[in-house]
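Engineer: Pasting in a structure now, in structure tokens, and then I'll have a few things to ask.
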Amino acid sequence: MTSGGEPLLHSAELSYAVPRQRAHVSFSGCPCTNNSSSSACDDTSIDLSGVKEEEIIPLEEADQLKPLETRYSRWSRRLFYSIGSQFPDHSSSEHPTRDPKRLVSWGGMEQHTFEISETPSRVQAKLQEKLTKSQGLRHKSGPLDDNVFREQNPRLIYIDDPKRTNDRYEFASNEIRTSKYTLVTFLPKNLFIQFHRVAYLYFLAIAALNQLPPLAVFGRTVSLFPLLFVLSVTAVKDGYEDWRRHRSDRKENNREALVYQSGLFEPKKWKKIQPGEVVKICANETIPCDMVLLGTSDPSGIAYIQTMNLDGESNLKTRYARQETASVVADGGSVSGLVRCEQPNRNIYEFTANMEFRGYKLPLSQSNIILRGCQLKNTEWVIGVVVYTGQETKAMLNSAVSPAKRSKLESHMNRETLWLSIFLLVMCSVVTLGMGLWLDRHKEQLDTLPYFRKAYFTQGRKNGKTYKYYGIAMETFFSFLSSIIVFQIMIPISLYITMELVRLGQSYFMIGDKHMYDSTTDSRFQCRSLNINEDLGQIRYVFSDKTGTLTQNKMEFRRASVYGKNYGTSLLPAESLHDGNIAAGLRRNGWKLKSEIGVDFELMDMLHKELDGEERIAAHEFLLTLSACNTVIPIVTQELPSVHPGCDLRANMDSIDYQGESPDEQALVAAASAYGYTLFERTSGHIVIDVNGQKLRLDVLGLHEFDSVRKRMSVVIKFPDNSVKVLVKGADTSMFSTLVKGTEGDDFVRIATKGHLTQYASLGLRTLVVAARDLTGDELEEWQCRYEDASTSLTDRSIKLRQTAALVECNLRLLGATGIEDKLQNGVPEAIESLRQAGIKIWVLTGDKQETAISIGLSCKLLTNDMHQIIINGVSEDECRNLLAEAKSKYCLKPSHSNDQHLKCSKDAAMDYLGILDDSKSKIGTAWNSRKEETMCNTSLALIIDGTSLVYILEKDLESELFDLATVCRVVLCCRVAPLQKAGIVDLIKSRTDDMTLAIGDGANDVSMIQMADVGVGICGQEGRQAVMASDFAMGQFRFLKRLLLVHGHWNYQRVGYLVLYNFYRNAVFVFMLFWYILCTAFSATSALTDWSSVFYSVIYTSVPTIVVGILDKDLSHRTLLQCPKLYGAGHRHESYNLHLFWITMLDTFWQSLVLFYIPLFTYKESPIDIWSLGSLWTIAVVILVNMHLAMDIQRWVIITHAAVWGSIIITYACMVVLDSIPVFPNYWTIYHLATSPTYWLTILLIIIVALLPRFLCKVLYQIIWPSDIQIARESEALRTRSNLEPKPGTDSD
């Protein structure tokens, strides 16, 4: 997301060719005093006689995705040289600490360069470390900021000489492989990955123990079945996914490209392309490898590419061939030379290299390279030399996936799993102790016992030999191991695969939710992570970007302050103007914009009058600056002649559209066109503007791109009369200090403009100041020479460029200011209000001005008039400390000795807001001194803090002070913040509380925040897809967040919470039943159930109902959940899953297992039936019992639920019939004997009633006496449904 409040250019991360006419300057007589080895005077003594008049001065494209507040000057211009990328200091070992820039890599193919220019390096290092830990990414190319041009070991590429290039170095082939496995490595590698789960190792150990003869409780084959089943299912899934990768790789590697061979361009498979070869790419083709451009179909060397496959951006970007090589290619000549470039790295935003061509060393930058995966657009062909291939291309080095996140509920589940492990050990210890005591008691009778006799007593050759008896000690030890095998499913292995299937099903229904489909962008909801669905139901903090997230990021020009006069209070479509002269002028202009733009009649009238006053000149230069000082690419489309109403003139209305990554700049250029200043042509050396029908050609001598230090952008242009001007636009905070100290009239304009800026900000408009000045010949010459030196420097380039810009960005004449509206997205105020009612705190982190952010906050109901605003705008550590202490003192917040007290206060305040009673409120006195202080705690507070203050707060020991204050505020609004500061704010909450955090944004500068939060949501907006690719979930509009959390989040949390508890219960009741049986069989670790019944229990008999309920069950309808947002608080209170519920479930399990075991035992105590018949009864009874238990808790019955629950019982009977029909099994024909007896069916019925009766009574009493919010809402929903079904009075009941 761009930072809205910085100058409008703040989001103008565009790239395009800045044209410039060749300046006839003698480099030998350069007046610059800097004669360093990197100066232009040393590096550029070349013969210019054969060079064309217009040269390419390319802009670096790679930084276009990065927010401008996070980088220094990225695009600067110099004669014949590409200077877009920053070249690090190669000689200084202190570079990593001196340079404030930090390069951060996270997730997928999104690679972003972020920097906080004013933040001390320690803050950045700390946040970088946290981001790295949270992502767990490792890249073989090393740290992203390790992008130093290693002259000691550069990569040498001999142009059109691949043999010489590859003979000396072992370069990677261009064959790529995204697959994980081969036929040989699939089995061992996949098993190695799967056994990273500790539970799998546990079950592997159990299966291994069962293979030992003394411990063979189950059949050896049967004991392996559960583990093999789970491993096989996962392996099949992984194998299918990898097969698809292999197929995709094969298709990609066998594509063909034109490679220069034997004097001709001939087709060659991508996988055979080598570094050093010259490749030709035609229009709409994909780039097969990373190539340095040598020439294009455009004589000026310009090419347009689309980087959608690399960074998600759909807008066109420009790349350039060096003019020296482009002219040779255009003339049909061949290019030979040597390219020295850096070693492969994953930084897609920079490229450091130089080219030796015809005896000269030419610097290369990011604007001279095209990367694998990009597509060539609006250019017939390009020719380039291959520098990186295959796995060494930047696209492949950036192919890491987003960091995996783990749900909070799953981490809590491990706590309960530990308790189950303790239960398991206790039961095994009891069996072991009992076995030892029993053996000691009966040791004199062991010779006559069938299982524990010491020797054979049968006649034959084995008579007298030792039988399977190892002594009391070893038999006791074996008993312990055998018990572990019998009770193994106490740790539910099936739970892991069940949770994966349930989450997959939940994601399917979330993706298919038509209420979260955005028709404007044709985008539906995306689930990019399947591990944290249930976390959506427990979110306490939402951290949101503003521009493009809360707003549409579709800028509309609304206000203009020109020479101290305000325009734009009443805007009309240009076509509706009635003045004949103005309308005729617009028709002569002959341009049709893509969208209709309103214009101010008064300003339009002044522009079309023949006036020579200062106001008219200022208005002319004002609109000229809007048209010229930008990085927008005009695209003109010819349309058929049309007849204007009321006019006989047939006009050719050419349609014009502006391409660029910055909606701000597009709005400014379109507004200038609406007023008659239409930018319609941009070449390598000039731009052409249609000024009310007259073509004005301006030579671009240089451009200083916006950076986070200067906070402004300037362009130096030459007019047809040879006069030279510098046009500047930027943030008001940086522009007013550069204005000339002029006359009283200038002071009036300055004061009036400041008033207009304040007014625009209060209306929520994004503001920008416009100024200009004339350059004298001496000033121009000095600037050009300094510009030459800075743009070719390989060390401290950004610093030198800023110093050069300072030469011309001074003594400026104020022209005016602009105000652009970024409208709120539909439904944002309602969504914010609902989230607030749900007990969710919303923090907005934006780069906008404070006034703009506050205005937007009021309009979207984030801020309310009854809130007390606490504003922290400190410029030093002491001032920030004092402001925080003053705010805490004013609102009676004591300094904390423990974060828990203030966290509790904030949570209790939220509980009060939700209207939820909690006994813990009585303890609120630990954080507050009096009743007055308690009242102040519940006062609606809004904290507003700027990025400068955060620099000192996040760096120093003030984080705890900020945390104390922020957590008692209902709203926190952070203005002028950089991307790493956003991540720091999220970490402030995440590291100090157990509350779940969610971050939502739409741009590259939101990626750090999205990946730092527990849940990251990306908006499919106007700024590409970096945020989407780094997110866990993605959607088209902010308003969908309301449904995502309140509906799907609530459902998912309730379902998964119950799913985990039910799985614990289901397995534990089965294990306890076996435990009671072992206690009654001399602790022998035998089982009355067949081996297959024990295995099928959790895999087949009871698994399907669990999955179906986990996917489809709904405690409340979506309408009720949306109408009553406070119901979302159930997730905050952990109502569906907590330790208290776990212990209640275990007590219920204990009771049910006793009923399940002893009722059949007492019923058939005097019966002659064998143990296998009793085991068959227990098997059927436990399956019916757990399914009836599940049926009692199902909230929503549908056909699939009925089929799953009752079908599970039928399937169990069917399996038992099959197993009991196999003669070799000991339970042969038992089910047929039992089923004919009424006692069998009555026993099962008695088990169900007695086992579930306590649970039923507790549920009834609890719902009557202590109903929860969910239960009350369900009853209300049921009453509404019943009233709708009943006939209304006066109607016919028939």
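All residue names refer to the structure tokens as shown: chains lettered A, B, ... in order, residues numbered from 1 in each chain, ligands numbered from 1 in order.
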May I have the residues within 9 Å of range 262-267 of chain A as a list in words, using only C-alpha atoms and disregarding those fewer than 4 positions away in the same chain?
Structural biologist: Glu256, Ala257, Leu258, Val278, Val279 and Lys280 of chain A
Engineer: Residues at most 10 Å from range 624-631 of chain A, counting only C-alpha atoms, excluding those fewer than 6 positions away in the same chain, as an NGL selection string?
Structural biologist: :A and (9 or 12-18 or 59 or 618 or 658-662 or 664-673 or 677-680 or 682 or 687-691 or 698 or 700 or 703-706 or 713-717 or 726-729 or 770-772 or 815 or 818)
Engineer: Would you please work out which residue, of A:Pro288, A:Pro226, A:Pro829, A:Pro1105, is nearest to Thr389 in chain A when using only C-alpha atoms?
Structural biologist: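 Closest residue, counting only C-alpha atoms: A:Pro288.
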Engineer: Determine, for each residue of range 817-891 of chain A having at least one atom at most 10 Å from an atom of range 1040-1050 of chain A, the closest pair of atoms and their separation in Å to one decimal, counting only C-alpha atoms; order by chain and ascending number, as a Markdown table.
Structural biologist:
| residue | atom | partner | partner_atom | distance |
| --- | --- | --- | --- | --- |
| A:Gly827 | CA | A:Phe1040 | CA | 8.7 |
| A:Val828 | CA | A:Phe1040 | CA | 9.2 |
| A:Glu830 | CA | A:Lys1042 | CA | 8.8 |
| A:Ala831 | CA | A:Lys1042 | CA | 5.4 |
| A:Ile832 | CA | A:Lys1042 | CA | 7.8 |
| A:Glu833 | CA | A:Lys1042 | CA | 9.5 |
| A:Ser834 | CA | A:Lys1042 | CA | 7.0 |
| A:Leu835 | CA | A:Lys1042 | CA | 6.5 |
| A:Ala838 | CA | A:Leu1046 | CA | 7.8 |
Engineer: Could you save the residues just selected, with N, CA and C atoms, as a PDB file, in the first residue's frame?
Structural biologist:
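To be explicit, this is the file written out as out-v9.pdb:
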ATOM      1  N   GLY A 827     -19.123   0.124   2.222  1.00  0.00           N
ATOM      2  CA  GLY A 827     -19.332  -0.708   3.397  1.00  0.00           C
ATOM      3  C   GLY A 827     -18.256  -0.633   4.456  1.00  0.00           C
ATOM      4  N   VAL A 828     -17.269   0.238   4.296  1.00  0.00           N
ATOM      5  CA  VAL A 828     -16.191   0.322   5.291  1.00  0.00           C
ATOM      6  C   VAL A 828     -16.699   0.815   6.641  1.00  0.00           C
ATOM      7  N   GLU A 830     -19.629   0.631   8.036  1.00  0.00           N
ATOM      8  CA  GLU A 830     -20.455  -0.399   8.661  1.00  0.00           C
ATOM      9  C   GLU A 830     -19.597  -1.576   9.147  1.00  0.00           C
ATOM     10  N   ALA A 831     -18.598  -1.948   8.342  1.00  0.00           N
ATOM     11  CA  ALA A 831     -17.733  -3.060   8.730  1.00  0.00           C
ATOM     12  C   ALA A 831     -16.929  -2.716   9.980  1.00  0.00           C
ATOM     13  N   ILE A 832     -16.403  -1.506  10.041  1.00  0.00           N
ATOM     14  CA  ILE A 832     -15.616  -1.093  11.209  1.00  0.00           C
ATOM     15  C   ILE A 832     -16.481  -1.060  12.461  1.00  0.00           C
ATOM     16  N   GLU A 833     -17.699  -0.537  12.331  1.00  0.00           N
ATOM     17  CA  GLU A 833     -18.588  -0.489  13.490  1.00  0.00           C
ATOM     18  C   GLU A 833     -18.941  -1.888  13.978  1.00  0.00           C
ATOM     19  N   SER A 834     -19.176  -2.810  13.053  1.00  0.00           N
ATOM     20  CA  SER A 834     -19.502  -4.183  13.454  1.00  0.00           C
ATOM     21  C   SER A 834     -18.310  -4.856  14.134  1.00  0.00           C
ATOM     22  N   LEU A 835     -17.122  -4.654  13.594  1.00  0.00           N
ATOM     23  CA  LEU A 835     -15.932  -5.240  14.192  1.00  0.00           C
ATOM     24  C   LEU A 835     -15.691  -4.668  15.586  1.00  0.00           C
ATOM     25  N   ALA A 838     -17.906  -6.209  17.994  1.00  0.00           N
ATOM     26  CA  ALA A 838     -17.472  -7.583  18.264  1.00  0.00           C
ATOM     27  C   ALA A 838     -16.315  -7.633  19.251  1.00  0.00           C
TER      28      ALA A 838
END
Engineer: Can you pull out every residue within 9 Å of Ile856 in chain A, counting only C-alpha atoms, but drop anything in the same chain fewer than 5 positions away, and send it as a list in words?
Structural biologist: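 My reading of the contact set: Lys546, Leu550, Thr551, Ser762, Leu763, Gly764, Leu765, Leu824, Glu851, Lys861, Leu862 and Leu863 of chain A.
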Engineer: Dump all heavy atoms for the selected residues as a tab-separated table (two decimals), in the first residue's frame?
Structural biologist:
chain	number	residue	atom	x	y	z
A	546	LYS	N	-4.51	2.15	5.16
A	546	LYS	CA	-5.62	3.03	4.79
A	546	LYS	C	-5.83	3.07	3.28
A	546	LYS	O	-6.85	2.63	2.77
A	546	LYS	CB	-5.41	4.45	5.32
A	546	LYS	CG	-6.61	5.37	5.06
A	546	LYS	CD	-6.31	6.80	5.39
A	546	LYS	CE	-5.44	7.45	4.34
A	546	LYS	NZ	-6.15	7.61	3.05
A	550	LEU	N	-8.84	0.71	3.23
A	550	LEU	CA	-10.09	1.36	3.62
A	550	LEU	C	-10.64	2.21	2.49
A	550	LEU	O	-11.85	2.40	2.38
A	550	LEU	CB	-9.86	2.22	4.86
A	550	LEU	CG	-9.36	1.50	6.13
A	550	LEU	CD1	-9.16	2.51	7.25
A	550	LEU	CD2	-10.30	0.41	6.55
A	551	THR	N	-9.75	2.74	1.68
A	551	THR	CA	-10.16	3.57	0.55
A	551	THR	C	-10.00	2.78	-0.74
A	551	THR	O	-9.42	1.71	-0.77
A	551	THR	CB	-9.32	4.86	0.49
A	551	THR	OG1	-7.94	4.52	0.32
A	551	THR	CG2	-9.48	5.65	1.78
A	762	SER	N	-8.32	18.44	6.11
A	762	SER	CA	-9.49	18.23	6.96
A	762	SER	C	-10.62	17.56	6.20
A	762	SER	O	-11.50	16.94	6.79
A	762	SER	CB	-9.97	19.57	7.54
A	762	SER	OG	-10.42	20.43	6.50
A	763	LEU	N	-10.61	17.69	4.87
A	763	LEU	CA	-11.62	17.03	4.04
A	763	LEU	C	-11.20	15.61	3.67
A	763	LEU	O	-11.92	14.93	2.93
A	763	LEU	CB	-11.85	17.85	2.76
A	763	LEU	CG	-12.46	19.25	2.94
A	763	LEU	CD1	-12.50	19.99	1.61
A	763	LEU	CD2	-13.85	19.16	3.54
A	764	GLY	N	-10.03	15.20	4.16
A	764	GLY	CA	-9.56	13.86	3.85
A	764	GLY	C	-8.87	13.75	2.52
A	764	GLY	O	-8.70	12.64	1.99
A	765	LEU	N	-8.43	14.86	1.94
A	765	LEU	CA	-7.77	14.84	0.64
A	765	LEU	C	-6.26	14.65	0.81
A	765	LEU	O	-5.67	15.06	1.81
A	765	LEU	CB	-8.03	16.15	-0.11
A	765	LEU	CG	-9.50	16.51	-0.36
A	765	LEU	CD1	-9.61	17.80	-1.15
A	765	LEU	CD2	-10.22	15.38	-1.09
A	824	LEU	N	-13.66	6.31	0.18
A	824	LEU	CA	-13.81	5.11	0.98
A	824	LEU	C	-14.43	3.99	0.14
A	824	LEU	O	-15.25	4.23	-0.74
A	824	LEU	CB	-14.70	5.36	2.19
A	824	LEU	CG	-14.11	6.12	3.37
A	824	LEU	CD1	-15.20	6.35	4.41
A	824	LEU	CD2	-12.95	5.38	3.98
A	851	GLU	N	-3.72	15.07	9.59
A	851	GLU	CA	-5.04	15.63	9.36
A	851	GLU	C	-5.85	14.77	8.40
A	851	GLU	O	-7.05	14.54	8.60
A	851	GLU	CB	-4.92	17.05	8.82
A	851	GLU	CG	-4.26	18.05	9.75
A	851	GLU	CD	-2.75	18.00	9.67
A	851	GLU	OE1	-2.22	17.15	8.93
A	851	GLU	OE2	-2.09	18.80	10.36
A	861	LYS	N	-16.04	6.10	10.52
A	861	LYS	CA	-16.55	5.78	11.86
A	861	LYS	C	-15.51	5.08	12.73
A	861	LYS	O	-15.86	4.46	13.73
A	861	LYS	CB	-17.82	4.93	11.78
A	861	LYS	CG	-19.00	5.64	11.13
A	861	LYS	CD	-20.26	4.77	11.17
A	861	LYS	CE	-21.43	5.49	10.51
A	861	LYS	NZ	-22.66	4.66	10.53
A	862	LEU	N	-14.27	5.16	12.32
A	862	LEU	CA	-13.21	4.64	13.18
A	862	LEU	C	-13.06	5.54	14.40
A	862	LEU	O	-12.93	5.07	15.53
A	862	LEU	CB	-11.89	4.56	12.40
A	862	LEU	CG	-10.70	4.01	13.16
A	862	LEU	CD1	-10.90	2.52	13.43
A	862	LEU	CD2	-9.42	4.22	12.36
A	863	LEU	N	-13.09	6.84	14.16
A	863	LEU	CA	-13.09	7.83	15.22
A	863	LEU	C	-14.49	8.38	15.38
A	863	LEU	O	-15.21	8.55	14.39
A	863	LEU	CB	-12.11	8.97	14.90
A	863	LEU	CG	-10.64	8.60	14.73
A	863	LEU	CD1	-9.85	9.82	14.28
A	863	LEU	CD2	-10.07	8.05	16.03
Engineer: Which neighbours of range 292-302 of chain A fall inside 6 Å, counting only C-alpha atoms, when residues of the same chain fewer than 3 positions from it are skipped, and could you give them as a PyMOL selection string?
Structural biologist: chain A and resi 319-321+325-326+329+368-369+380-385
Engineer: From range 336-373 of chain A, collect each residue whose DSSP state is strand (DSSP E) and return the set as a ChimeraX atom specification.
Structural biologist: /A:338-341,353-357,360-364,369-370
Engineer: Please save N, CA and C atoms of the selected residues as an mmCIF file, in the first residue's frame.
Structural biologist:
data_model
loop_
_atom_site.group_PDB
_atom_site.id
_atom_site.type_symbol
_atom_site.label_atom_id
_atom_site.label_comp_id
_atom_site.auth_asym_id
_atom_site.auth_seq_id
_atom_site.Cartn_x
_atom_site.Cartn_y
_atom_site.Cartn_z
ATOM 1 N N LEU A 338 32.058 -7.393 -23.285
ATOM 2 C CA LEU A 338 32.127 -8.123 -22.034
ATOM 3 C C LEU A 338 31.235 -7.451 -20.999
ATOM 4 N N VAL A 339 30.398 -8.247 -20.366
ATOM 5 C CA VAL A 339 29.536 -7.761 -19.295
ATOM 6 C C VAL A 339 30.081 -8.294 -17.972
ATOM 7 N N ARG A 340 30.399 -7.373 -17.081
ATOM 8 C CA ARG A 340 30.785 -7.741 -15.715
ATOM 9 C C ARG A 340 29.593 -7.454 -14.807
ATOM 10 N N CYS A 341 29.099 -8.484 -14.170
ATOM 11 C CA CYS A 341 27.920 -8.293 -13.328
ATOM 12 C C CYS A 341 28.114 -8.997 -11.996
ATOM 13 N N ALA A 353 26.195 -3.777 -12.598
ATOM 14 C CA ALA A 353 27.045 -4.339 -13.645
ATOM 15 C C ALA A 353 27.622 -3.218 -14.486
ATOM 16 N N ASN A 354 28.569 -3.585 -15.349
ATOM 17 C CA ASN A 354 29.037 -2.668 -16.382
ATOM 18 C C ASN A 354 29.368 -3.467 -17.628
ATOM 19 N N MET A 355 29.477 -2.771 -18.717
ATOM 20 C CA MET A 355 29.716 -3.415 -20.010
ATOM 21 C C MET A 355 30.919 -2.768 -20.685
ATOM 22 N N GLU A 356 31.838 -3.609 -21.142
ATOM 23 C CA GLU A 356 32.955 -3.130 -21.949
ATOM 24 C C GLU A 356 32.546 -3.260 -23.411
ATOM 25 N N PHE A 357 32.431 -2.119 -24.062
ATOM 26 C CA PHE A 357 31.955 -2.106 -25.444
ATOM 27 C C PHE A 357 32.784 -1.106 -26.241
ATOM 28 N N TYR A 360 35.103 1.143 -24.227
ATOM 29 C CA TYR A 360 34.537 1.983 -23.175
ATOM 30 C C TYR A 360 33.801 1.104 -22.167
ATOM 31 N N LYS A 361 33.794 1.568 -20.920
ATOM 32 C CA LYS A 361 33.095 0.865 -19.854
ATOM 33 C C LYS A 361 31.796 1.596 -19.556
ATOM 34 N N LEU A 362 30.696 0.938 -19.815
ATOM 35 C CA LEU A 362 29.370 1.546 -19.666
ATOM 36 C C LEU A 362 28.661 0.935 -18.458
ATOM 37 N N PRO A 363 28.210 1.751 -17.510
ATOM 38 C CA PRO A 363 27.499 1.194 -16.346
ATOM 39 C C PRO A 363 26.122 0.678 -16.740
ATOM 40 N N LEU A 364 25.715 -0.418 -16.083
ATOM 41 C CA LEU A 364 24.394 -1.012 -16.293
ATOM 42 C C LEU A 364 23.660 -1.032 -14.960
ATOM 43 N N ILE A 369 18.054 -4.513 -17.562
ATOM 44 C CA ILE A 369 17.918 -5.966 -17.537
ATOM 45 C C ILE A 369 16.445 -6.346 -17.548
ATOM 46 N N ILE A 370 16.110 -7.401 -18.258
ATOM 47 C CA ILE A 370 14.763 -7.963 -18.234
ATOM 48 C C ILE A 370 14.863 -9.353 -17.632
#
Engineer: One decimal, in Å: what's the spacing between CA of Ala887 in chain A and CA of Ser855 in chain A?
Structural biologist: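 Taking CA of Ala887 in chain A and CA of Ser855 in chain A, their separation equals 22.2 Å.
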